[in-house]
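Accompanying notes for the structure given below.
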Amino acid sequence: MGDNVRNVIIIGSGPAGYTAGLYTARAMLEPLMFAGYMSGGQLMLTSDIENFPGYPEGIGGPEMMMQLREQSERFGLEVQDRNVEKVDLSTRPFKVWSEGEEYLTDSIIICTGAESIWLGVEGEDEQKGRGISTCATCDGAFFKDEEILVVGGGDSAMEEATFLTRFASKVTLVHRRDVFRASKVMYDRAVAHEKIEIRTFRQVKKWLSDEKGLTGAILEDPRDGSQEEISVTGAFIAIGHTPITGFLEGQLETDNEGYLIHKEHTMTSIPGVFAAGDVVDTRYKQAITAAGLGCQAAIDCERWLEENLH
């Protein structure tokens, strides 16, 4: 890109990224977004969003992301559906590399979100995409009238289990403890569903399969190590997420789990670099809070540029 220095580059999309794009575009900063090969963030994997203000009938996650993208592009956001391989935050302007091309920018807003955590047990790698998934809305329809296992104890596990009852003949949800992180409304909905069986003090020790795909799992009781076998042809893992910060190569301060840390408002440990959404949010993890952080980061970025460079 030569000496053409952008005002701001947004890395990542989703509610945080698109909102940051909308606000920086309306501020005439001519933002460039690298949305990633899988643009739209976690909401691309969410079927129905019922708790985002302004949608009384609810809205599908992918539909909302398309609308947010169209709105931000209408005001001038430039979007490229490409990943960022690395950045150099040691010199100014900052350097950003995507598909081998170097881009220069005075500021960066990081909205890369978080990705699903896998169990990492025996037999898992062989069955990823062949029976084991982390996205019920992506793959649930493949398991019509089959018995399915869901692993997890939070809201996402309850939501996945409830959603999968549309297709499965039975959903067994296993959790390694008897205390759930899920909200009461989500837990109660799962418990009340006739197709869902919740089993506590169970964790997957090994996945079982044959030439056709997944056939079941060995479950272990963490209290005494006793084991049993369960027959399922589909499994969905919903045990949490890890922030997508590897491309930063440790240049920004993070917490012990790798989430970026805000130092002043939405600014990270390097002035001119801001963060919004699930890459920084360890508490709320909602579309509306991600969008709110995207707005804050855009305003903080605009003011920082005005005070320091313009």
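As shown in the structure tokens, the chain order sets the letters A, B, ...; within each chain, residues go from 1, and ligands are also counted from 1 in the order they appear.
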Compile the contact shell of Met44 (chain A) as a PyMOL selection string: residues with an atom at most 8 Å away, counting only C-alpha atoms, same-chain residues fewer than 5 positions apart removed. chain A and resi 61-62+65
Could you please take those selected residues and save N, CA and C atoms as a PDB file, in the first residue's frame?
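See out.pdb below for the written result:
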```
ATOM      1  N   GLY A  61     -29.259 -14.556  13.506  1.00  0.00           N
ATOM      2  CA  GLY A  61     -27.926 -13.980  13.650  1.00  0.00           C
ATOM      3  C   GLY A  61     -27.300 -13.565  12.331  1.00  0.00           C
ATOM      4  N   PRO A  62     -27.268 -14.457  11.320  1.00  0.00           N
ATOM      5  CA  PRO A  62     -26.690 -14.066  10.027  1.00  0.00           C
ATOM      6  C   PRO A  62     -27.416 -12.884   9.388  1.00  0.00           C
ATOM      7  N   MET A  65     -26.280  -9.703  11.055  1.00  0.00           N
ATOM      8  CA  MET A  65     -24.934  -9.328  10.653  1.00  0.00           C
ATOM      9  C   MET A  65     -24.922  -8.730   9.248  1.00  0.00           C
TER      10      MET A  65
END
```
As a PyMOL selection string, please: the residues near Asp221 (chain A) (cut-off 7 Å, only C-alpha atoms, same-chain neighbours under 6 positions excluded). chain A and resi 201-203+227
Find the residues near region 180-196 of chain A: any atom within 6 Å, counting only C-alpha atoms, skip ones fewer than 5 places away on the same chain, and give them as a list in words. Gly153, Gly154, Asp155, Met158, Thr162, Lys170, Val171 and Thr172 of chain A
Put those residues in a file: all heavy atoms, as a PDB file, in the first residue's frame.
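Saved the output as result.pdb:
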```
ATOM      1  N   GLY A 153     -22.238 -26.535  30.496  1.00  0.00           N
ATOM      2  CA  GLY A 153     -23.111 -26.173  31.596  1.00  0.00           C
ATOM      3  C   GLY A 153     -23.524 -24.719  31.616  1.00  0.00           C
ATOM      4  O   GLY A 153     -24.119 -24.247  32.591  1.00  0.00           O
ATOM      5  N   GLY A 154     -23.238 -23.995  30.537  1.00  0.00           N
ATOM      6  CA  GLY A 154     -23.600 -22.581  30.475  1.00  0.00           C
ATOM      7  C   GLY A 154     -24.791 -22.328  29.577  1.00  0.00           C
ATOM      8  O   GLY A 154     -25.437 -23.253  29.085  1.00  0.00           O
ATOM      9  N   ASP A 155     -25.079 -21.056  29.344  1.00  0.00           N
ATOM     10  CA  ASP A 155     -26.210 -20.678  28.490  1.00  0.00           C
ATOM     11  C   ASP A 155     -26.094 -21.260  27.094  1.00  0.00           C
ATOM     12  O   ASP A 155     -27.082 -21.709  26.510  1.00  0.00           O
ATOM     13  CB  ASP A 155     -26.327 -19.151  28.391  1.00  0.00           C
ATOM     14  CG  ASP A 155     -27.121 -18.550  29.539  1.00  0.00           C
ATOM     15  OD1 ASP A 155     -27.678 -19.334  30.333  1.00  0.00           O
ATOM     16  OD2 ASP A 155     -27.164 -17.318  29.644  1.00  0.00           O
ATOM     17  N   MET A 158     -27.198 -24.864  27.035  1.00  0.00           N
ATOM     18  CA  MET A 158     -28.657 -24.980  27.147  1.00  0.00           C
ATOM     19  C   MET A 158     -29.332 -24.568  25.839  1.00  0.00           C
ATOM     20  O   MET A 158     -30.290 -25.212  25.385  1.00  0.00           O
ATOM     21  CB  MET A 158     -29.171 -24.103  28.293  1.00  0.00           C
ATOM     22  CG  MET A 158     -28.582 -24.433  29.640  1.00  0.00           C
ATOM     23  SD  MET A 158     -28.882 -26.148  30.156  1.00  0.00           S
ATOM     24  CE  MET A 158     -27.556 -26.360  31.344  1.00  0.00           C
ATOM     25  N   THR A 162     -31.532 -27.092  23.498  1.00  0.00           N
ATOM     26  CA  THR A 162     -32.925 -26.763  23.188  1.00  0.00           C
ATOM     27  C   THR A 162     -33.130 -26.646  21.684  1.00  0.00           C
ATOM     28  O   THR A 162     -34.122 -27.154  21.133  1.00  0.00           O
ATOM     29  CB  THR A 162     -33.321 -25.446  23.887  1.00  0.00           C
ATOM     30  OG1 THR A 162     -33.096 -25.581  25.300  1.00  0.00           O
ATOM     31  CG2 THR A 162     -34.785 -25.122  23.640  1.00  0.00           C
ATOM     32  N   LYS A 170     -33.627 -37.441  20.701  1.00  0.00           N
ATOM     33  CA  LYS A 170     -33.280 -37.258  22.105  1.00  0.00           C
ATOM     34  C   LYS A 170     -31.973 -36.481  22.206  1.00  0.00           C
ATOM     35  O   LYS A 170     -31.066 -36.685  21.394  1.00  0.00           O
ATOM     36  CB  LYS A 170     -33.126 -38.614  22.817  1.00  0.00           C
ATOM     37  CG  LYS A 170     -32.749 -38.489  24.292  1.00  0.00           C
ATOM     38  CD  LYS A 170     -32.565 -39.858  24.935  1.00  0.00           C
ATOM     39  CE  LYS A 170     -32.164 -39.686  26.404  1.00  0.00           C
ATOM     40  NZ  LYS A 170     -31.949 -40.997  27.077  1.00  0.00           N
ATOM     41  N   VAL A 171     -31.891 -35.593  23.212  1.00  0.00           N
ATOM     42  CA  VAL A 171     -30.676 -34.837  23.477  1.00  0.00           C
ATOM     43  C   VAL A 171     -30.250 -35.104  24.920  1.00  0.00           C
ATOM     44  O   VAL A 171     -31.016 -34.851  25.852  1.00  0.00           O
ATOM     45  CB  VAL A 171     -30.875 -33.323  23.271  1.00  0.00           C
ATOM     46  CG1 VAL A 171     -29.596 -32.564  23.630  1.00  0.00           C
ATOM     47  CG2 VAL A 171     -31.297 -33.014  21.837  1.00  0.00           C
ATOM     48  N   THR A 172     -29.056 -35.634  25.091  1.00  0.00           N
ATOM     49  CA  THR A 172     -28.502 -35.833  26.428  1.00  0.00           C
ATOM     50  C   THR A 172     -27.448 -34.761  26.672  1.00  0.00           C
ATOM     51  O   THR A 172     -26.488 -34.635  25.913  1.00  0.00           O
ATOM     52  CB  THR A 172     -27.845 -37.220  26.566  1.00  0.00           C
ATOM     53  OG1 THR A 172     -28.830 -38.225  26.285  1.00  0.00           O
ATOM     54  CG2 THR A 172     -27.314 -37.419  27.977  1.00  0.00           C
TER      55      THR A 172
END
```
Would you mind listing, for every residue of region 186-272 of chain A within 8 Å of region 298-307 of chain A, the two atoms forming the shortest contact and the distance between them in Å to one decimal, using only C-alpha atoms, sorted by chain and ascending residue number, as a Markdown table?
```
| residue | atom | partner | partner_atom | distance |
| --- | --- | --- | --- | --- |
| A:His265 | CA | A:Asp300 | CA | 7.5 |
| A:Thr266 | CA | A:Asp300 | CA | 6.9 |
| A:Met267 | CA | A:Asp300 | CA | 7.5 |
| A:Gly272 | CA | A:Trp304 | CA | 6.9 |
```
With only C-alpha atoms as the counted atoms, please give the residues lying no more than 10 Å from Glu63 (chain A), apart from itself and same-chain residues fewer than 5 positions off, as number ranges by chain. A: 40, 43-44, 47-48, 68-69
Could you check the closest approach to Asn256 (chain A) for each of A:Asn4, A:Thr282, A:Ser13, A:Thr200 and tell me which residue wins, using only C-alpha atoms?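 That would be A:Thr282, the residue with the smallest distance to Asn256 (chain A).
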Of the candidates A:Ala16, A:Ile49, A:Cys111, A:Ile9, which one gets nearest to Thr289 (chain A) if we count only C-alpha atoms?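 Closest candidate: A:Ala16.
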Residue nearest Glu85 (chain A) among A:Tyr259, A:Tyr284, A:Phe247, A:Phe143 (counting only C-alpha atoms): A:Phe247
List every residue of region 97-253 of chain A that DSSP, applied to the backbone of this structure, places in alpha helix (DSSP H), and write the result as a PyMOL selection string. chain A and resi 124-127+136-139+155-164+184-192
Would you mind listing what lies within 8 Å of region 77-79 of chain A as JSON, numbers by chain, with only C-alpha atoms counted and same-chain residues fewer than 6 positions away left out? {"A": [21, 22, 25, 30, 31, 32, 33, 34, 35]}
From the options A:Thr112, A:Ser98, A:Thr165, A:Thr233, which residue's atoms come nearest to Arg130 (chain A), counting only C-alpha atoms? A:Thr233
Strand (DSSP E or B) residues, from DSSP on the backbone, in region 51-288 of chain A, as an MDAnalysis selection string: chainID A and resid 59 78:80 86:88 94:98 101:105 108:110 114:116 122 128 132:133 147:151 170:175 196:200 203:210 213:220 227:231 234:237 241:243 254 260 264 267 273:275
Dump as a PDB file, in the first residue's frame, selection limited to C-alpha atoms:
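again_21.pdb written:
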```
ATOM      1  CA  ILE A  59     -34.010 -11.964  14.160  1.00  0.00           C
ATOM      2  CA  GLU A  78     -14.545  -0.611   3.240  1.00  0.00           C
ATOM      3  CA  VAL A  79     -14.807  -4.334   4.039  1.00  0.00           C
ATOM      4  CA  GLN A  80     -12.426  -7.053   2.920  1.00  0.00           C
ATOM      5  CA  LYS A  86       0.204 -10.300  11.871  1.00  0.00           C
ATOM      6  CA  VAL A  87       0.652  -6.722  13.001  1.00  0.00           C
ATOM      7  CA  ASP A  88       3.621  -4.583  14.032  1.00  0.00           C
ATOM      8  CA  PHE A  94       1.236   0.647  12.682  1.00  0.00           C
ATOM      9  CA  LYS A  95       1.690  -2.133  10.141  1.00  0.00           C
ATOM     10  CA  VAL A  96      -0.968  -4.715   9.327  1.00  0.00           C
ATOM     11  CA  TRP A  97      -0.432  -7.688   7.010  1.00  0.00           C
ATOM     12  CA  SER A  98      -3.263  -9.474   5.207  1.00  0.00           C
ATOM     13  CA  GLU A 101       0.058  -7.306   1.704  1.00  0.00           C
ATOM     14  CA  GLU A 102       1.245  -4.612   4.087  1.00  0.00           C
ATOM     15  CA  TYR A 103      -1.108  -1.838   5.203  1.00  0.00           C
ATOM     16  CA  LEU A 104      -0.214   1.241   7.246  1.00  0.00           C
ATOM     17  CA  THR A 105      -2.590   2.823   9.739  1.00  0.00           C
ATOM     18  CA  ILE A 108      -6.416  -0.001  15.043  1.00  0.00           C
ATOM     19  CA  ILE A 109      -9.647  -1.312  16.534  1.00  0.00           C
ATOM     20  CA  ILE A 110      -9.454  -5.034  17.357  1.00  0.00           C
ATOM     21  CA  ALA A 114     -13.411 -15.541  20.561  1.00  0.00           C
ATOM     22  CA  GLU A 115     -13.626 -19.076  19.192  1.00  0.00           C
ATOM     23  CA  SER A 116     -15.045 -22.317  20.540  1.00  0.00           C
ATOM     24  CA  GLU A 122      -9.248 -39.252  22.268  1.00  0.00           C
ATOM     25  CA  LYS A 128     -14.655 -33.095  13.871  1.00  0.00           C
ATOM     26  CA  ILE A 132     -18.802 -33.681  16.457  1.00  0.00           C
ATOM     27  CA  SER A 133     -19.500 -29.957  16.105  1.00  0.00           C
ATOM     28  CA  GLU A 147     -29.748 -39.194  19.453  1.00  0.00           C
ATOM     29  CA  ILE A 148     -27.348 -36.361  20.256  1.00  0.00           C
ATOM     30  CA  LEU A 149     -24.951 -35.487  23.077  1.00  0.00           C
ATOM     31  CA  VAL A 150     -24.332 -31.903  24.229  1.00  0.00           C
ATOM     32  CA  VAL A 151     -21.389 -31.085  26.515  1.00  0.00           C
ATOM     33  CA  LYS A 170     -33.280 -37.258  22.105  1.00  0.00           C
ATOM     34  CA  VAL A 171     -30.676 -34.837  23.477  1.00  0.00           C
ATOM     35  CA  THR A 172     -28.502 -35.833  26.428  1.00  0.00           C
ATOM     36  CA  LEU A 173     -26.701 -32.909  28.060  1.00  0.00           C
ATOM     37  CA  VAL A 174     -23.714 -33.821  30.233  1.00  0.00           C
ATOM     38  CA  HIS A 175     -21.883 -31.564  32.668  1.00  0.00           C
ATOM     39  CA  ILE A 196     -33.694 -33.339  26.879  1.00  0.00           C
ATOM     40  CA  GLU A 197     -32.061 -35.435  29.599  1.00  0.00           C
ATOM     41  CA  ILE A 198     -29.523 -33.635  31.799  1.00  0.00           C
ATOM     42  CA  ARG A 199     -26.846 -35.771  33.448  1.00  0.00           C
ATOM     43  CA  THR A 200     -24.446 -34.276  35.970  1.00  0.00           C
ATOM     44  CA  GLN A 203     -17.414 -35.868  31.262  1.00  0.00           C
ATOM     45  CA  VAL A 204     -16.378 -37.305  27.910  1.00  0.00           C
ATOM     46  CA  LYS A 205     -13.331 -39.530  28.234  1.00  0.00           C
ATOM     47  CA  LYS A 206     -13.271 -40.835  24.663  1.00  0.00           C
ATOM     48  CA  TRP A 207     -15.283 -40.593  21.456  1.00  0.00           C
ATOM     49  CA  LEU A 208     -16.337 -43.831  19.758  1.00  0.00           C
ATOM     50  CA  SER A 209     -16.745 -44.266  16.011  1.00  0.00           C
ATOM     51  CA  ASP A 210     -16.795 -46.669  13.089  1.00  0.00           C
ATOM     52  CA  GLY A 213     -18.806 -41.798  11.757  1.00  0.00           C
ATOM     53  CA  LEU A 214     -19.553 -41.153  15.420  1.00  0.00           C
ATOM     54  CA  THR A 215     -21.245 -43.968  17.341  1.00  0.00           C
ATOM     55  CA  GLY A 216     -20.996 -42.808  20.938  1.00  0.00           C
ATOM     56  CA  ALA A 217     -18.776 -41.805  23.828  1.00  0.00           C
ATOM     57  CA  ILE A 218     -17.214 -43.139  27.001  1.00  0.00           C
ATOM     58  CA  LEU A 219     -18.431 -40.994  29.895  1.00  0.00           C
ATOM     59  CA  GLU A 220     -16.497 -40.753  33.142  1.00  0.00           C
ATOM     60  CA  GLN A 227     -17.140 -45.115  33.266  1.00  0.00           C
ATOM     61  CA  GLU A 228     -20.117 -45.901  31.085  1.00  0.00           C
ATOM     62  CA  GLU A 229     -20.834 -45.931  27.375  1.00  0.00           C
ATOM     63  CA  ILE A 230     -23.488 -43.827  25.669  1.00  0.00           C
ATOM     64  CA  SER A 231     -24.682 -44.353  22.083  1.00  0.00           C
ATOM     65  CA  GLY A 234     -24.013 -36.572  16.912  1.00  0.00           C
ATOM     66  CA  ALA A 235     -22.300 -34.429  19.545  1.00  0.00           C
ATOM     67  CA  PHE A 236     -22.049 -30.705  20.164  1.00  0.00           C
ATOM     68  CA  ILE A 237     -19.432 -29.135  22.434  1.00  0.00           C
ATOM     69  CA  HIS A 241     -14.429 -19.802  24.079  1.00  0.00           C
ATOM     70  CA  THR A 242     -10.877 -18.568  23.772  1.00  0.00           C
ATOM     71  CA  PRO A 243     -10.063 -15.049  22.508  1.00  0.00           C
ATOM     72  CA  THR A 254      -3.806  -9.600  28.134  1.00  0.00           C
ATOM     73  CA  LEU A 260      -7.163  -8.035  25.818  1.00  0.00           C
ATOM     74  CA  GLU A 264      -8.000   3.811  29.419  1.00  0.00           C
ATOM     75  CA  MET A 267      -7.700   1.699  24.640  1.00  0.00           C
ATOM     76  CA  VAL A 273      -4.896   0.506  19.571  1.00  0.00           C
ATOM     77  CA  PHE A 274      -8.428  -0.134  20.810  1.00  0.00           C
ATOM     78  CA  ALA A 275     -10.406  -3.313  21.485  1.00  0.00           C
TER      79      ALA A 275
END
```
Return the single residue from A:Glu160, A:Ile11, A:Asp106, A:Met66 that is closest to Leu89 (chain A), with distances computed using only C-alpha atoms. A:Asp106
Within 7 Å of Cys295 (chain A), counting only C-alpha atoms, which residues qualify if same-chain residues fewer than 6 places away don't, as JSON, numbers by chain? {"A": [19, 20, 23]}
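Atom to atom, CA of Asp81 (chain A) and CA of Thr245 (chain A) stand 17.9 Å apart.
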Nearest to Ala287 (chain A), restricted to only C-alpha atoms and choosing among A:Ile244, A:Cys135, A:Ile10, A:Met64, comes out as A:Met64
